[in-house]
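Participant: Handing you this structure, nothing more for now.
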Amino acid sequence: STRNSSNGGSCADASGQQQQQQLGCFGAPLVAQGSNIEEPLSPDLPLKEHALQVAELCRLSFPDKPWMALVGLLHGLGKLLAHPLWGGQSQWAISGESYPVGCKFAPQISHSEFFSANPDRRRRALSTPLGIYTPGCGLRNVYMSWGGPEYLYMAMVLNQTQLPDQALFMLRYQRCASITKPGGAYRHLMSEADKALLPLLAAFQSLITYRRVVLPPEALQGEALVRHYDELITRYLGQEKLFW
């Protein structure tokens, strides 16, 4: 089943100053300093560098969707949950693949054979393909396993940002690989709008793979980079601090 999150207490902005449950928008501070949390799978590629790499790959790959670049920049910020000032949750609890809960676990989920100890598997109401849902209910009405993507999605929604539904879809399902694999899972729960976004999601998932990529010459750098993403943040997130 899902786990609720109520990460109160203090957090820190990019300058390291503590603030109560708020964090400034991630414009120049993120570009200049980024997160202090490193990706254990690739310690030579800091999160801030990976975020900017993905952002630029998205900008160049989807020039007709300006919000995709911002999605690329923000996509890893769910890992703030591992920071001591946000609760210090273990990496295993916030990383890895995400998947729907409240219904039968799909075999397309990586390592789902090890879910035998999950108590949901022994609850009849949660062990059918539909579980607690109705056909075509739409993924936005489906509970997801807890992790960085779900936390980030909830933060964007509850802060009433101006990100379009397609952007929120990318952020929430960025680690839900089972729905974009061949013969993908959970089609019976999806709306037509969900199905239409799967090709874009699959493309986005390929761009966020944690590896160093040599960006093409047309990638933004320096002040142009900072200015572009500051403008996107102002447009879609506003200038007020977000609650986290």
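In the structure tokens, chains take the letters A, B, ... in the order shown, each chain's residues start at 1, and ligands count up from 1 in the order shown.
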Could you pull out the helix (DSSP H, G or I) residues of range 8-192 of chain A, going by DSSP on the backbone, and write them as a ChimeraX atom specification?

Facilitator: /A:28-32,47-61,66-74,77-82,84-86,91-94,112-117,119-122,124-126,139-141,148-158,165-172,177-179,187-189,192

Participant: So which residues touch range 126-141 of chain A within 6 Å, counting only C-alpha atoms, skipping near sequence neighbours fewer than 2 positions away, as an MDAnalysis selection string?

Facilitator: chainID A and resid 102:104 121 123:124 188:191

Participant: Take the residues from that selection and write them out as an mmCIF file, in the first residue's frame, keeping C-alpha atoms.

Facilitator:
data_model
loop_
_atom_site.group_PDB
_atom_site.id
_atom_site.type_symbol
_atom_site.label_atom_id
_atom_site.label_comp_id
_atom_site.auth_asym_id
_atom_site.auth_seq_id
_atom_site.Cartn_x
_atom_site.Cartn_y
_atom_site.Cartn_z
ATOM 1 C CA GLY A 102 -4.272 -1.204 -4.905
ATOM 2 C CA CYS A 103 -4.398 -3.843 -7.622
ATOM 3 C CA LYS A 104 -2.450 -6.900 -8.766
ATOM 4 C CA ARG A 121 -0.483 -9.775 -2.357
ATOM 5 C CA ARG A 123 -5.482 -9.427 0.191
ATOM 6 C CA ARG A 124 -8.099 -10.646 -2.259
ATOM 7 C CA HIS A 188 -6.894 -1.460 -18.545
ATOM 8 C CA LEU A 189 -6.627 1.353 -15.994
ATOM 9 C CA MET A 190 -5.521 4.031 -18.423
ATOM 10 C CA SER A 191 -7.599 6.751 -19.998
#

Participant: Can you build me a table of range 144-232 of chain A residues sitting at most 12 Å from range 49-61 of chain A, with the closest atom pair per residue and its distance in Å to one decimal, using only C-alpha atoms, sorted by chain and residue number, as a Markdown table?

Facilitator:
| residue | atom | partner | partner_atom | distance |
| --- | --- | --- | --- | --- |
| A:Ala167 | CA | A:Cys58 | CA | 11.9 |
| A:Met170 | CA | A:Cys58 | CA | 11.7 |
| A:Leu200 | CA | A:Ser61 | CA | 10.7 |
| A:Leu201 | CA | A:Cys58 | CA | 11.6 |
| A:Ala203 | CA | A:Ser61 | CA | 9.2 |
| A:Phe204 | CA | A:Cys58 | CA | 7.6 |
| A:Gln205 | CA | A:Val54 | CA | 10.2 |
| A:Ser206 | CA | A:Val54 | CA | 10.0 |
| A:Leu207 | CA | A:Val54 | CA | 6.3 |
| A:Ile208 | CA | A:Val54 | CA | 6.0 |
| A:Thr209 | CA | A:Val54 | CA | 8.8 |
| A:Tyr210 | CA | A:His50 | CA | 7.3 |
| A:Arg211 | CA | A:His50 | CA | 8.0 |
| A:Arg212 | CA | A:His50 | CA | 7.5 |
| A:Val213 | CA | A:Gln53 | CA | 7.4 |
| A:Val214 | CA | A:Gln53 | CA | 8.7 |
| A:Leu215 | CA | A:Gln53 | CA | 7.4 |
| A:Pro216 | CA | A:Leu57 | CA | 9.0 |
| A:Pro217 | CA | A:Leu60 | CA | 11.0 |
| A:Glu218 | CA | A:Leu60 | CA | 8.4 |
| A:Ala219 | CA | A:Glu56 | CA | 6.2 |
| A:Leu220 | CA | A:Glu56 | CA | 7.3 |
| A:Gln221 | CA | A:Glu56 | CA | 9.7 |
| A:Gly222 | CA | A:Leu52 | CA | 11.5 |
| A:Ala224 | CA | A:Glu56 | CA | 12.0 |
| A:Leu225 | CA | A:Leu52 | CA | 9.0 |
| A:Val226 | CA | A:Leu52 | CA | 10.1 |
| A:His228 | CA | A:Arg59 | CA | 10.5 |
| A:Tyr229 | CA | A:Ala55 | CA | 9.0 |
| A:Leu232 | CA | A:Ala55 | CA | 11.2 |

Participant: Take the residues from that selection and write them out as a PDB file, in the first residue's frame, keeping C-alpha atoms.

Facilitator:
ATOM      1  CA  ALA A 167       4.393  17.676 -17.531  1.00  0.00           C
ATOM      2  CA  MET A 170       6.207  12.898 -16.996  1.00  0.00           C
ATOM      3  CA  LEU A 200       6.501  10.805 -24.980  1.00  0.00           C
ATOM      4  CA  LEU A 201       7.025   9.199 -21.571  1.00  0.00           C
ATOM      5  CA  ALA A 203      11.306   9.022 -24.828  1.00  0.00           C
ATOM      6  CA  PHE A 204      11.680  10.987 -21.584  1.00  0.00           C
ATOM      7  CA  GLN A 205      12.611   7.858 -19.633  1.00  0.00           C
ATOM      8  CA  SER A 206      15.420   7.206 -22.098  1.00  0.00           C
ATOM      9  CA  LEU A 207      16.797  10.723 -21.554  1.00  0.00           C
ATOM     10  CA  ILE A 208      16.901  10.561 -17.748  1.00  0.00           C
ATOM     11  CA  THR A 209      19.106   7.460 -17.629  1.00  0.00           C
ATOM     12  CA  TYR A 210      21.900   8.235 -15.181  1.00  0.00           C
ATOM     13  CA  ARG A 211      24.905   8.467 -17.461  1.00  0.00           C
ATOM     14  CA  ARG A 212      27.139  11.248 -18.663  1.00  0.00           C
ATOM     15  CA  VAL A 213      26.287  12.479 -22.157  1.00  0.00           C
ATOM     16  CA  VAL A 214      28.277  14.837 -24.371  1.00  0.00           C
ATOM     17  CA  LEU A 215      25.855  17.619 -25.233  1.00  0.00           C
ATOM     18  CA  PRO A 216      25.802  19.024 -28.776  1.00  0.00           C
ATOM     19  CA  PRO A 217      27.284  22.473 -29.523  1.00  0.00           C
ATOM     20  CA  GLU A 218      23.845  24.102 -29.555  1.00  0.00           C
ATOM     21  CA  ALA A 219      23.322  23.327 -25.852  1.00  0.00           C
ATOM     22  CA  LEU A 220      22.984  26.426 -23.687  1.00  0.00           C
ATOM     23  CA  GLN A 221      25.807  27.419 -21.362  1.00  0.00           C
ATOM     24  CA  GLY A 222      26.668  30.081 -18.837  1.00  0.00           C
ATOM     25  CA  ALA A 224      22.177  31.988 -21.359  1.00  0.00           C
ATOM     26  CA  LEU A 225      21.525  28.713 -19.532  1.00  0.00           C
ATOM     27  CA  VAL A 226      20.661  30.415 -16.255  1.00  0.00           C
ATOM     28  CA  HIS A 228      16.505  30.408 -19.954  1.00  0.00           C
ATOM     29  CA  TYR A 229      15.655  28.243 -16.960  1.00  0.00           C
ATOM     30  CA  LEU A 232      10.800  28.786 -17.426  1.00  0.00           C
TER      31      LEU A 232
END

Participant: Counting only C-alpha atoms, figure out which residue out of A:Gln174, A:Gln239, A:Ser116, A:Ser110 gets nearest to Glu150 in chain A.

Facilitator: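 Closest candidate: A:Gln174.
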
Participant: Restricting the calculation to only C-alpha atoms: of A:Gly148, A:Asn159, A:Arg175, A:Tyr143, which residue gets closest to Gln91 in chain A?

Facilitator: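 Looking at the shortest contact to Gln91 in chain A, the residue is A:Gly148.
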
Participant: Using only C-alpha atoms, which of A:Pro164, A:Ala117, A:Trp146, A:Gln108 sits nearest Gly183 in chain A?

Facilitator: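 For Gly183 in chain A, the nearest of the candidates is A:Gln108.
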
Participant: Give me, please, the distance in Å between CA of Lys65 in chain A and CA of Leu163 in chain A, quoted to one decimal.

Facilitator: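 Value for the CA of Lys65 in chain A-CA of Leu163 in chain A distance: 11.5 Å.
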
Participant: Which is closest to Gly72 in chain A among A:Leu242, A:Leu197, A:Phe115, A:Lys48, if we use only C-alpha atoms?

Facilitator: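 Looking only at the distances to Gly72 in chain A, the closest residue turns out to be A:Lys48.
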
Participant: Please indicate the distance in Å from CA of Arg187 in chain A to CA of Val142 in chain A, rounded to one decimal place.

Facilitator: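 Those two atoms sit 12.2 Å apart.
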
Participant: Can you work out the spacing between CA of Arg227 in chain A and CA of Leu74 in chain A in Å, to one decimal?

Facilitator: 15.9 Å

Participant: Given the choices A:Phe105, A:Trp67, A:Trp244, A:Phe114, which gets closest to Leu171 in chain A if the distance is worked out from only C-alpha atoms?

Facilitator: A:Trp67

Participant: So that I can see what lies close to Asp165 in chain A, please list as a PyMOL selection string the residues with an atom at most 12 Å from it, counting only C-alpha atoms and leaving out residues fewer than 3 positions away in the same chain.

Facilitator: chain A and resi 67-68+71+139-140+153+156-157+160-162+168-172+193-194+197+236
